[in-house]
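Undergrad: Below is the file model15.pdb, with PDB, C-alpha atoms.
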MODEL        1
ATOM      1  CA  GLY A  24      82.654-129.126  23.104
ATOM      2  CA  ARG A  25      82.464-128.442  26.809
ATOM      3  CA  PRO A  26      79.190-127.591  28.577
ATOM      4  CA  ASN A  27      77.816-124.149  27.735
ATOM      5  CA  SER A  28      79.906-123.825  24.564
ATOM      6  CA  GLY A  29      76.851-123.482  22.307
ATOM      7  CA  LYS A  30      76.432-127.024  20.963
ATOM      8  CA  THR A  31      72.664-127.260  21.381
ATOM      9  CA  THR A  32      72.127-123.787  19.921
ATOM     10  CA  CYS A  33      74.043-124.871  16.807
ATOM     11  CA  LEU A  34      72.022-128.080  16.470
ATOM     12  CA  ARG A  35      68.814-126.045  16.639
ATOM     13  CA  GLU A  36      70.033-123.771  13.849
ATOM     14  CA  PHE A  37      71.149-126.743  11.726
ATOM     15  CA  ALA A  38      67.644-128.211  12.090
ATOM     16  CA  ARG A  39      65.992-124.976  11.007
ATOM     17  CA  ARG A  40      68.224-124.311   8.028
ATOM     18  CA  LEU A  41      68.361-127.851   6.671
ATOM     19  CA  SER A  42      64.589-128.269   6.975
ATOM     20  CA  GLU A  43      63.972-125.177   4.802
ATOM     21  CA  ASP A  44      64.387-127.512   1.828
ATOM     22  CA  LYS A  45      61.006-129.246   1.550
ATOM     23  CA  ASN A  46      62.677-132.265  -0.067
ATOM     24  CA  ASN A  47      64.999-132.689   2.915
ATOM     25  CA  ILE A  48      63.554-134.792   5.739
ATOM     26  CA  VAL A  49      65.271-133.687   8.951
ATOM     27  CA  VAL A  50      64.594-135.497  12.237
ATOM     28  CA  VAL A  51      65.643-134.122  15.620
ATOM     29  CA  VAL A  52      66.118-136.724  18.366
ATOM     30  CA  ASP A  53      65.852-134.577  21.483
ATOM     31  CA  LYS A  54      67.346-136.266  24.530
ATOM     32  CA  THR A  55      66.763-133.513  27.072
ATOM     33  CA  CYS A  56      64.160-131.469  25.166
ATOM     34  CA  GLU A  57      66.669-128.620  24.956
ATOM     35  CA  ILE A  58      66.513-128.439  21.151
ATOM     36  CA  GLY A  59      62.761-128.357  20.566
ATOM     37  CA  GLY A  60      61.510-127.447  24.023
ATOM     38  CA  ASP A  61      59.441-129.464  26.485
ATOM     39  CA  GLY A  62      55.963-128.655  25.186
ATOM     40  CA  VAL A  63      53.569-130.795  23.181
ATOM     41  CA  VAL A  64      54.537-128.930  19.995
ATOM     42  CA  PRO A  65      58.218-128.297  19.188
ATOM     43  CA  HIS A  66      59.585-124.773  19.265
ATOM     44  CA  ALA A  67      59.503-122.861  15.986
ATOM     45  CA  ALA A  68      63.314-122.528  16.190
ATOM     46  CA  ILE A  69      63.756-125.978  14.620
ATOM     47  CA  GLY A  70      61.761-124.968  11.546
ATOM     48  CA  ASN A  71      60.115-127.799   9.607
ATOM     49  CA  ALA A  72      62.225-130.536  11.199
ATOM     50  CA  ARG A  73      60.425-133.521  12.652
ATOM     51  CA  TRP A  74      60.794-133.794  16.420
ATOM     52  CA  LEU A  75      61.249-136.969  18.462
ATOM     53  CA  PRO A  76      61.468-136.192  22.192
ATOM     54  CA  VAL A  77      63.165-138.889  24.239
ATOM     55  CA  GLU A  78      61.601-140.555  27.267
ATOM     56  CA  SER A  79      63.575-141.509  30.356
ATOM     57  CA  PHE A  80      62.935-143.871  33.248
ATOM     58  CA  LYS A  81      64.478-144.792  36.564
ATOM     59  CA  LYS A  82      66.291-148.077  37.091
ATOM     60  CA  ASP A  83      68.085-148.940  40.323
ATOM     61  CA  GLY A  84      67.910-145.314  41.335
ATOM     62  CA  GLN A  85      69.483-144.045  38.095
ATOM     63  CA  VAL A  86      67.788-142.134  35.297
ATOM     64  CA  MET A  87      68.041-144.099  32.048
ATOM     65  CA  SER A  88      67.499-142.632  28.577
ATOM     66  CA  LEU A  89      65.801-144.265  25.606
ATOM     67  CA  GLN A  90      67.627-142.075  23.100
ATOM     68  CA  HIS A  91      69.163-145.034  21.249
ATOM     69  CA  GLU A  92      65.663-146.443  20.632
ATOM     70  CA  ARG A  93      64.397-143.106  19.329
ATOM     71  CA  MET A  94      67.412-142.898  17.013
ATOM     72  CA  ARG A  95      66.541-146.279  15.522
ATOM     73  CA  GLU A  96      62.886-145.283  15.338
ATOM     74  CA  ALA A  97      63.889-142.196  13.362
ATOM     75  CA  VAL A  98      65.631-144.399  10.803
ATOM     76  CA  GLU A  99      62.917-147.034  10.535
ATOM     77  CA  ASN A 100      59.804-144.847  10.578
ATOM     78  CA  GLN A 101      60.746-141.377   9.345
ATOM     79  CA  SER A 102      62.907-142.142   6.261
ATOM     80  CA  PRO A 103      65.203-139.204   7.105
ATOM     81  CA  HIS A 104      67.912-137.604   5.020
ATOM     82  CA  VAL A 105      69.449-136.014   8.124
ATOM     83  CA  VAL A 106      69.224-136.982  11.808
ATOM     84  CA  ILE A 107      70.279-134.458  14.469
ATOM     85  CA  VAL A 108      71.165-135.823  17.905
ATOM     86  CA  ASP A 109      72.267-134.096  21.102
ATOM     87  CA  GLU A 110      74.615-135.539  23.729
ATOM     88  CA  ILE A 111      75.883-138.908  22.497
ATOM     89  CA  SER A 112      77.014-140.528  25.730
ATOM     90  CA  SER A 113      76.519-144.323  25.754
ATOM     91  CA  LEU A 114      77.582-147.420  23.850
ATOM     92  CA  GLN A 115      73.976-148.003  22.772
ATOM     93  CA  GLU A 116      73.798-144.546  21.241
ATOM     94  CA  VAL A 117      77.142-145.056  19.493
ATOM     95  CA  GLU A 118      75.834-148.296  17.981
ATOM     96  CA  ALA A 119      72.723-146.488  16.804
ATOM     97  CA  ILE A 120      75.001-143.964  15.056
ATOM     98  CA  ARG A 121      76.810-146.881  13.394
ATOM     99  CA  THR A 122      73.487-148.259  12.126
ATOM    100  CA  MET A 123      72.548-144.895  10.608
ATOM    101  CA  ASN A 124      75.978-144.627   8.989
ATOM    102  CA  GLN A 125      75.557-148.005   7.350
ATOM    103  CA  ARG A 126      72.244-146.858   5.856
ATOM    104  CA  GLY A 127      73.774-143.733   4.338
ATOM    105  CA  ILE A 128      71.981-141.231   6.579
ATOM    106  CA  ARG A 129      73.689-137.921   7.300
ATOM    107  CA  ILE A 130      74.195-137.381  11.023
ATOM    108  CA  ILE A 131      74.844-134.200  12.974
ATOM    109  CA  ALA A 132      75.546-134.889  16.632
ATOM    110  CA  ALA A 133      76.937-133.176  19.718
ATOM    111  CA  VAL A 134      79.323-134.819  22.161
ATOM    112  CA  HIS A 135      80.660-133.487  25.445
ATOM    113  CA  GLY A 136      84.447-133.262  25.514
ATOM    114  CA  GLY A 137      87.370-130.883  25.386
ATOM    115  CA  SER A 138      88.665-131.924  21.956
ATOM    116  CA  LEU A 139      88.415-134.517  19.187
ATOM    117  CA  PRO A 140      91.298-136.664  20.502
ATOM    118  CA  MET A 141      89.715-136.817  23.950
ATOM    119  CA  LEU A 142      86.967-139.012  22.491
ATOM    120  CA  LEU A 143      89.628-141.610  21.688
ATOM    121  CA  HIS A 144      90.361-142.003  25.403
ATOM    122  CA  ASP A 145      86.690-142.538  26.286
ATOM    123  CA  PRO A 146      85.869-146.275  26.103
ATOM    124  CA  GLU A 147      82.176-145.686  25.399
ATOM    125  CA  ARG A 148      82.530-143.056  22.664
ATOM    126  CA  ALA A 149      85.929-143.766  21.095
ATOM    127  CA  ALA A 150      84.338-145.533  18.120
ATOM    128  CA  LEU A 151      82.814-142.225  16.968
ATOM    129  CA  ALA A 152      86.310-141.024  16.028
ATOM    130  CA  GLY A 153      87.626-144.386  14.810
ATOM    131  CA  GLY A 154      88.594-146.021  18.099
ATOM    132  CA  CYS A 155      92.098-147.122  18.953
ATOM    133  CA  HIS A 156      94.049-150.292  19.579
ATOM    134  CA  THR A 157      97.613-151.311  20.340
ATOM    135  CA  VAL A 158      99.802-152.337  17.401
ATOM    136  CA  LEU A 159     103.215-154.024  17.597
ATOM    137  CA  LEU A 160     105.700-152.574  15.112
ATOM    138  CA  SER A 161     108.563-154.385  13.476
ATOM    139  CA  GLY A 162     112.092-153.564  14.587
ATOM    140  CA  GLU A 163     112.684-151.536  11.432
ATOM    141  CA  GLU A 164     109.515-149.489  11.926
ATOM    142  CA  ALA A 165     110.312-148.886  15.591
ATOM    143  CA  ASN A 166     113.824-147.674  14.738
ATOM    144  CA  ARG A 167     112.366-145.024  12.453
ATOM    145  CA  ARG A 168     110.549-143.516  15.419
ATOM    146  CA  LYS A 169     112.320-141.076  17.692
ATOM    147  CA  ASP A 170     110.963-142.805  20.790
ATOM    148  CA  LYS A 171     111.882-146.302  19.426
ATOM    149  CA  GLN A 172     108.627-147.698  20.776
ATOM    150  CA  LYS A 173     107.439-151.024  19.390
ATOM    151  CA  SER A 174     103.993-150.915  20.985
ATOM    152  CA  VAL A 175     101.927-147.945  19.759
ATOM    153  CA  LEU A 176      98.303-146.878  19.564
ATOM    154  CA  MET A 177      96.660-146.565  16.158
ATOM    155  CA  ARG A 178      93.185-145.923  14.798
ATOM    156  CA  MET A 179      91.077-149.089  14.768
ATOM    157  CA  HIS A 180      88.507-148.373  12.027
ATOM    158  CA  GLU A 181      86.954-145.631   9.935
ATOM    159  CA  PRO A 182      85.463-142.800  12.013
ATOM    160  CA  MET A 183      81.691-142.511  12.035
ATOM    161  CA  PHE A 184      81.937-138.812  11.181
ATOM    162  CA  GLY A 185      83.847-137.251   8.303
ATOM    163  CA  VAL A 186      84.015-133.731   9.757
ATOM    164  CA  ALA A 187      84.401-132.529  13.337
ATOM    165  CA  VAL A 188      84.164-129.119  15.001
ATOM    166  CA  GLU A 189      85.811-128.497  18.367
ATOM    167  CA  MET A 190      83.831-125.783  20.152
ATOM    168  CA  HIS A 191      86.414-124.337  22.527
ATOM    169  CA  GLU A 192      84.343-121.232  23.245
ATOM    170  CA  ARG A 193      81.115-119.784  21.904
ATOM    171  CA  ALA A 194      83.144-117.507  19.642
ATOM    172  CA  ARG A 195      86.071-119.829  18.850
ATOM    173  CA  TRP A 196      85.737-123.118  17.014
ATOM    174  CA  VAL A 197      88.282-125.343  15.281
ATOM    175  CA  LEU A 198      87.193-127.240  12.165
ATOM    176  CA  HIS A 199      88.749-130.582  11.178
ATOM    177  CA  ARG A 200      87.664-131.333   7.612
ATOM    178  CA  ASN A 201      88.979-134.910   7.697
ATOM    179  CA  VAL A 202      88.505-136.744  10.993
ATOM    180  CA  ARG A 203      90.449-139.796   9.830
ATOM    181  CA  GLN A 204      93.553-137.748   9.004
ATOM    182  CA  ALA A 205      93.254-135.737  12.210
ATOM    183  CA  VAL A 206      93.073-138.875  14.370
ATOM    184  CA  ASP A 207      96.007-140.523  12.573
ATOM    185  CA  CYS A 208      98.130-137.395  13.015
ATOM    186  CA  TYR A 209      97.222-137.262  16.705
ATOM    187  CA  PHE A 210      98.476-140.790  17.318
ATOM    188  CA  LYS A 211     101.638-140.159  15.274
ATOM    189  CA  ARG A 212     102.131-136.732  16.905
ATOM    190  CA  GLN A 213     102.337-135.157  13.492
ATOM    191  CA  TYR A 214     101.105-131.847  12.129
ATOM    192  CA  ILE A 215      97.885-131.298  10.202
ATOM    193  CA  ALA A 216      96.033-128.276   8.836
ATOM    194  CA  ALA A 217      92.847-127.172  10.574
ATOM    195  CA  GLU A 218      90.687-124.051  10.483
ATOM    196  CA  GLU A 219      90.042-121.723  13.395
ATOM    197  CA  LEU A 220      86.602-120.129  13.137
ATOM    198  CA  THR A 221      85.706-116.891  14.904
ATOM    199  CA  PRO A 222      82.798-114.538  14.156
ATOM    200  CA  GLY A 223      83.228-113.310  10.597
ATOM    201  CA  GLN A 224      86.611-114.947  10.103
ATOM    202  CA  ALA A 225      88.156-118.309   9.207
ATOM    203  CA  ARG A 226      91.915-118.808   9.200
ATOM    204  CA  GLU A 227      94.118-121.812   8.640
ATOM    205  CA  VAL A 228      96.065-123.043  11.636
ATOM    206  CA  VAL A 229      98.439-125.924  12.207
ATOM    207  CA  ALA A 230      97.449-128.587  14.728
ATOM    208  CA  ARG A 231      99.907-130.869  16.480
ATOM    209  CA  GLY A 232      98.827-133.805  18.591
ATOM    210  CA  LYS A 233     100.018-133.992  22.184
ATOM    211  CA  PHE A 234      99.244-137.498  23.351
ATOM    212  CA  GLY A 235      96.807-137.551  26.244
ATOM    213  CA  GLU A 236      96.143-133.814  25.935
ATOM    214  CA  GLY A 237      94.574-133.307  22.507
ATOM    215  CA  PHE A 238      95.716-130.824  19.869
ATOM    216  CA  GLU A 239      97.650-127.629  20.289
ATOM    217  CA  TYR A 240      97.267-124.989  17.593
ATOM    218  CA  SER A 241      99.633-122.489  16.023
ATOM    219  CA  ASP A 242      99.589-120.061  13.102
ATOM    220  CA  GLY A 243     102.238-122.123  11.357
ATOM    221  CA  THR A 244     105.287-122.952  13.463
ATOM    222  CA  PHE A 245     105.988-124.944  16.579
ATOM    223  CA  PRO A 246     109.208-125.248  18.551
ATOM    224  CA  PRO A 247     110.796-128.713  18.247
ATOM    225  CA  ALA A 248     109.099-131.179  20.572
ATOM    226  CA  GLU A 249     111.019-133.790  22.476
ATOM    227  CA  ASP A 250     108.143-136.271  22.339
ATOM    228  CA  ASP A 251     107.620-136.188  18.552
ATOM    229  CA  ALA A 252     107.263-139.844  17.636
ATOM    230  CA  GLU A 253     108.065-139.631  13.938
ATOM    231  CA  GLY A 254     109.793-136.315  13.474
ATOM    232  CA  ASP A 255     108.460-133.117  11.970
ATOM    233  CA  ASP A 256     106.152-134.770   9.455
ATOM    234  CA  ARG A 257     103.211-132.707   8.298
ATOM    235  CA  ASP A 258      99.965-134.040   6.864
ATOM    236  CA  GLY A 259      98.203-131.248   5.046
ATOM    237  CA  ALA A 260      99.847-128.440   7.048
ATOM    238  CA  GLY A 261     100.637-125.589   4.734
ATOM    239  CA  GLY A 262      99.686-127.737   1.725
ATOM    240  CA  GLU A 263      96.583-129.407   0.405
ATOM    241  CA  ARG A 264      93.632-129.401   2.766
ATOM    242  CA  GLY A 265      92.087-132.637   3.966
ATOM    243  CA  ARG A 266      89.084-133.779   1.957
ATOM    244  CA  MET A 267      85.773-134.819   3.403
TER     245      MET A 267
ENDMDL
END
Could you render the structure from this file as structure tokens?
TA:
Amino acid sequence: GRPNSGKTTCLREFARRLSEDKNNIVVVVDKTCEIGGDGVVPHAAIGNARWLPVESFKKDGQVMSLQHERMREAVENQSPHVVIVDEISSLQEVEAIRTMNQRGIRIIAAVHGGSLPMLLHDPERAALAGGCHTVLLSGEEANRRKDKQKSVLMRMHEPMFGVAVEMHERARWVLHRNVRQAVDCYFKRQYIAAEELTPGQAREVVARGKFGEGFEYSDGTFPPAEDDAEGDDRDGAGGERGRM
């Protein structure tokens, strides 16, 4: 989500609720001390979660964060079931997320950005959503596309997160239950089912990828698009929902 869309508030509430289970070890890695506060003792809003504030230092006139080291420390020393992280912004932090994924730890993290597909165009954070690379298609495959392109972008690997929420406004979110499917449909400019969440209501919407712009959402129908790469194919739209 964009700044001031409520990401940190949500992370704080996740920490409180998940830590209500005494058998659930929840660790908050607090980059800017906005989740747990800047005191010696964390704010009661994070419940029973363990709190790891992150130090910073200056190097060549720039403020550098040690968040990636605290993320690894959380894994090695706290034996967590869930790690909550705010503001993933560097390659080192992305690699720390990969390490936690490989160890089977559940991760809840916030990332600045307008939409899920926008991460794919950020060199430092693209891997969170599966990354992208250029693939050369055969002549037959290219002919099946409306644009006849032989060189196309595709997802590089499995996303590090199974579920993503786009926080467009404080009172309007869009839930993607299957990040892998959503990313694939974005690159293919296909349709996929998503859920629009507003206070007290959740409704199914149809998302269509617009390359370089993200998703556009509708209640079910779109006018024909000239730039559709592979026609009016739908992945989950109006049918079975994506699985986590």
Undergrad: Check which residues satisfy the PyMOL selection byres ((chain A and resi 160) around 10) in the file shown, then give them as a PyMOL selection string.
TA: chain A and resi 157-159+161-166+171-175
Undergrad: Restricting the calculation to all atoms listed in the file, which member of A:Glu189, A:Asp53, A:Asp83, A:Glu43 is positioned closest to Ser138 (chain A)?
TA: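 Between A:Glu189, A:Asp53, A:Asp83, A:Glu43, the residue approaching Ser138 (chain A) most closely is A:Glu189.
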Undergrad: Assuming the chain letters and numbering stay as they are in my file, what does the PyMOL selection byres ((chain A and resi 40) around 12) actually select? List them as a PyMOL selection string.
TA: chain A and resi 33-39+41-45+47-49+67-72+105
Undergrad: Please, could you write that set of residues out with C-alpha atoms as a compact mmCIF listing (two decimals), keeping the file's coordinate frame?
TA:
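Final file, part.txt:
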# COMPACT_ATOMS: atom_id res chain seq x y z
CA CYS A 33 74.04 -124.87 16.81
CA LEU A 34 72.02 -128.08 16.47
CA ARG A 35 68.81 -126.04 16.64
CA GLU A 36 70.03 -123.77 13.85
CA PHE A 37 71.15 -126.74 11.73
CA ALA A 38 67.64 -128.21 12.09
CA ARG A 39 65.99 -124.98 11.01
CA LEU A 41 68.36 -127.85 6.67
CA SER A 42 64.59 -128.27 6.98
CA GLU A 43 63.97 -125.18 4.80
CA ASP A 44 64.39 -127.51 1.83
CA LYS A 45 61.01 -129.25 1.55
CA ASN A 47 65.00 -132.69 2.92
CA ILE A 48 63.55 -134.79 5.74
CA VAL A 49 65.27 -133.69 8.95
CA ALA A 67 59.50 -122.86 15.99
CA ALA A 68 63.31 -122.53 16.19
CA ILE A 69 63.76 -125.98 14.62
CA GLY A 70 61.76 -124.97 11.55
CA ASN A 71 60.12 -127.80 9.61
CA ALA A 72 62.22 -130.54 11.20
CA VAL A 105 69.45 -136.01 8.12
Undergrad: Determine the residue membership of the PyMOL selection byres ((chain A and resi 94) around 9) for the file above and supply it as a ChimeraX atom specification.
TA: /A:52,75,89-93,95-99,106,108,116,119-120,123
Undergrad: Could you tell me how far CA of Ser112 (chain A) sits from CA of Gly185 (chain A), in Å to one decimal place?
TA: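 Here the two named atoms are 19.0 Å from each other.
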Undergrad: For CA of Val50 (chain A) and CA of Met183 (chain A), determine how far apart the two atoms are, in Å to one decimal place.
TA: 18.5 Å
Undergrad: Rounded to one decimal place, report the CA of Thr122 (chain A)-CA of Arg203 (chain A) distance in Å.
TA: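 The value is 19.1 Å.
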Undergrad: Applying 8 Å and all atoms listed in the file, which residues near Arg195 (chain A) remain after dropping the ones on its own chain fewer than 2 positions away? List them as a list in words.
TA: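 Here the qualifying residues turn out to be Met190, His191, Glu192, Arg193, Val197, Glu219, Leu220, Thr221 and Pro222 of chain A.
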Undergrad: Go through A:Val188, A:Met177, A:Gly62, A:Gly84 one by one, measure the shortest atom-to-atom distance of each to Gly136 (chain A) using only C-alpha atoms, and give the residue with the smallest value.
TA: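 Nearest candidate to Gly136 (chain A) out of A:Val188, A:Met177, A:Gly62, A:Gly84: A:Val188.
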